[in-house]
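Enquirer: Before anything else, here's the structure in question.
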Amino acid sequence: MAAGIKFTETMRGFFSAEPTEDFKKADEAGRKAGTRLEFTVTIVADSADELVSDPAHFGRITGTVSAPLVSPALLEVTSGEFHLLVKDPERPRGRRMTYDMALRATDGQTYALHGYKVIHNEAGADTWADTTTLFTTLTKADGSVVGRGILHVEPQDFAKQLTSMSAPGASNPIEALGALAKFGFFFAGELFDVYGLVAGRATELNPKGAPREKRPLKMDTPTVHSVHTTDGVELRLTRYRGGSKGPVVLAPGIGTSTLAYTIDTVDTNLPEFLYADGYDVWLFDYRASPALASARTQFTLDDIATKDFPAAVAKVREITGAPDVQVIGHCVGSLTFLMAMVAGLEGVRSGIASQFGLFPDSSFLNRIKGRLDLGTLLETFGVESLTTDFRADSGADRFIDQVLRLFPTGESCDSAVCRRILGIYGEVFKHTQLNEATHRAVHEMFGVTNVTSFKHLTRMIREGHAVDAKGNDVYMPNLKKLTAPVTFLHGEDNKILFPSGTEKTFRALCDANGPERYSRITIPGYAHMDCFIGKNAAKDVYPVIRSALHGHDVMLGRA
């Protein structure tokens with residue numbers, strides 16, 4: 001018996017009996033009249049394989065519908081069909097999810113409910129809204145329309161929906177986990193990962209293999225917010241609402257998603273640490289995140305600094321009502337945060353800049369890449385992106401891996417992904433600082449990066465300080481704009497970006513604005529990314545971060 005998929009979904013909203021074909025107007029009228037429509041249904045597909053491979057993507061529906069306008073008691077779903085992500089006849093690149101239910105009231109009257117979700121593939125579409133908004137029509141047995149409205153999946157109901165997911169017919173837990181992951185990756189891979197935290201990517205060698213099971217995070221269910229920049233790029237903010245210490249925004253490095261912060265292979269990750277300490281934690285996937293479609297497009301670091309950070313900070317302030325936020329940026333997340341600040345970013349009261357300042361003092365190999373203008377060379381050969389993903393069944397990947405084995409490094413490792421990371425970025429972490437589970441999961445954190453951003457980085461290395469993508473010195477002359485307290489954090493053994501880079505940045509800011517608001521801390525025994533994913537980082541590094549955030553607030557009279 002094949003492993004199937006089963007889950008329970010609740011949707012809530014309003015509908016109106018006023019004659020209109022405009023769902024938005026019907027929703028507004030329903031809200032004014034207070035006429036609610038809700039349902040809780042269970043959807044079952046007998047085979048996960050058929051659900052994702054059959055063009056009809058069919059599942060059965062059972063459950064109940066609440067529509068007090070037509071019946072004081074619940075309506076029973078006597079039969080129902082669900083179709084997952086079928087082609088949208090009105091949008092060549094779009095998809096729909098459809099719900100069709102035959103309903104029966106306790107007085108014998110019968111009705112039908114038809115609903116559909118419109119999934120846009122266009123750039124800038126709001127994925128969360130698309131996949132959780134149902135345009136609904138309720139009809140009588142003769143086909144006459146009773147009313148129309150719009151239903152939504154609320155975040156708390158979505159969390160319950162994920163906990164209800166099971167794989168009936170699975171012969172063992174591995175088969176069940178594989179079926180759930182297959183459905184999740186097909187339906188809403190990014191949202192499924194963020195909310196459910198059910199499974200990581202399979203393995204670095206076999207993407208089709210069974211995914212590993214993840215531990216639940218020690219935080220409440222997150223809420224996900226789409227953010228749109230002035231140039232139409234969709235970014236993502238994931239909120240874990242802690243206590244009353246205010247919002248803190250975490251931005252990762254380039255080529256990594258915010259999973260680099262929420263990795264479950266350590267006992268306590270940084271978001272869990274801050275959440276427990278009372279912070280309102282916001283994970284910021286900017287356009288370079290491999291979790292977003294934008295990572296596969298071309299953009300510069302200027303775009304991140306002048307478009308992504310302003311949009312994210314404004315969104316967090318809008319939702320929370322907070323006058324300002326604190327920011328923790330790592331690597332390119334740190335660099336672009338500092339670039340954003342000297343470019344005039346508003347609404348930030350303090351920040352922590354990890355590993356990357358405005359002076360990219362980098363390794364010998366990275367300096368060679370800068371002198372060779374490797375980004376331009378790659379563009380000449382038609383290469384638009386670089387990726388840390390490796391597949392053992394690819395001859396090209398095996399050849400590249402053999403070449404990467406020749407790279408000089410003091411780190412001994414048998415991972416093809418680690419060799420790719422080394423070739424693209426350098427020695428990202430000290431292997432001795434990682435536990436084995438984290439080392440095996442490194443491939444989940446990394447992914448694609450674009451050559452245009454890589455070219456911008458190598459230009460900065462060549463120039464010796466932050467410049468725009470064309471090489472113009474637009475950032476360094478504006479250091480006086482960065483007056484918010486900033487703590488520079490650097491691993492003492494960092495071999496990608498040397499500690500001298502943040503030391504120079506610290507000195508330059510002190511010279512420009514005085515030393516009162518800036519500090520710099522080095523972490524003995526740590527390198528670059530292991531400051532966040534290291535097996536002992538919760539003991540060695542996170543308390544330093546907490547003290548810096550608190551110290552900033554004391555300085556500003558906010559503690």
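Chain labels run A, B, ... following the order of the structure tokens; each chain numbers its residues from 1, and ligands are numbered from 1 in the order shown.
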Which residues come within 6 Å of Pro290 of chain A, counting only C-alpha atoms, excluding same-chain residues fewer than 5 positions away, as a PyMOL selection string?
Expert: chain A and resi 257+295+447-448
Enquirer: What's around segment 472-484 of chain A at 9 Å? Count only C-alpha atoms, leave out sequence neighbours fewer than 5 positions away in its own chain, and write the answer as number ranges by chain.
Expert: A: 338-345, 348-351, 358, 465-467, 508-509, 512-513, 517-518, 552
Enquirer: Please provide as a list in words all residues within 9 Å of Phe299 of chain A, with the sequence filter that same-chain residues fewer than 6 positions apart are discarded (counting only C-alpha atoms).
Expert: Arg287, Ala288, Asn450, Val451, Thr452 and Ser453 of chain A
Enquirer: Just write the chosen residues, N, CA and C atoms, as a PDB file, in the first residue's frame.
Expert:
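In the end it all went to part-v5.pdb:
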ATOM      1  N   ARG A 287      17.193  39.374  -0.663  1.00  0.00           N
ATOM      2  CA  ARG A 287      17.114  38.818  -2.016  1.00  0.00           C
ATOM      3  C   ARG A 287      18.198  37.802  -2.342  1.00  0.00           C
ATOM      4  N   ALA A 288      19.257  37.724  -1.543  1.00  0.00           N
ATOM      5  CA  ALA A 288      20.314  36.748  -1.803  1.00  0.00           C
ATOM      6  C   ALA A 288      20.043  35.397  -1.159  1.00  0.00           C
ATOM      7  N   ASN A 450      24.576  34.679  -6.977  1.00  0.00           N
ATOM      8  CA  ASN A 450      24.681  35.162  -8.358  1.00  0.00           C
ATOM      9  C   ASN A 450      26.033  35.799  -8.620  1.00  0.00           C
ATOM     10  N   VAL A 451      26.452  35.767  -9.856  1.00  0.00           N
ATOM     11  CA  VAL A 451      27.778  36.237 -10.242  1.00  0.00           C
ATOM     12  C   VAL A 451      27.888  37.756 -10.129  1.00  0.00           C
ATOM     13  N   THR A 452      26.793  38.482 -10.339  1.00  0.00           N
ATOM     14  CA  THR A 452      26.857  39.941 -10.235  1.00  0.00           C
ATOM     15  C   THR A 452      27.244  40.373  -8.822  1.00  0.00           C
ATOM     16  N   SER A 453      26.655  39.753  -7.808  1.00  0.00           N
ATOM     17  CA  SER A 453      27.023  40.056  -6.424  1.00  0.00           C
ATOM     18  C   SER A 453      28.448  39.617  -6.133  1.00  0.00           C
TER      19      SER A 453
END
Enquirer: Near Glu28 of chain A, within 10 Å and counting only C-alpha atoms, which residues show up once chain neighbours fewer than 5 positions away are dropped, as a ChimeraX atom specification?
Expert: /A:14-16,23,33-34,149-150
Enquirer: I'd like to know which of A:Glu50, A:Glu38, A:Glu76, A:Asp157 is closest to Ala2 of chain A, using only C-alpha atoms.
Expert: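 Nearest to Ala2 of chain A: A:Glu50.
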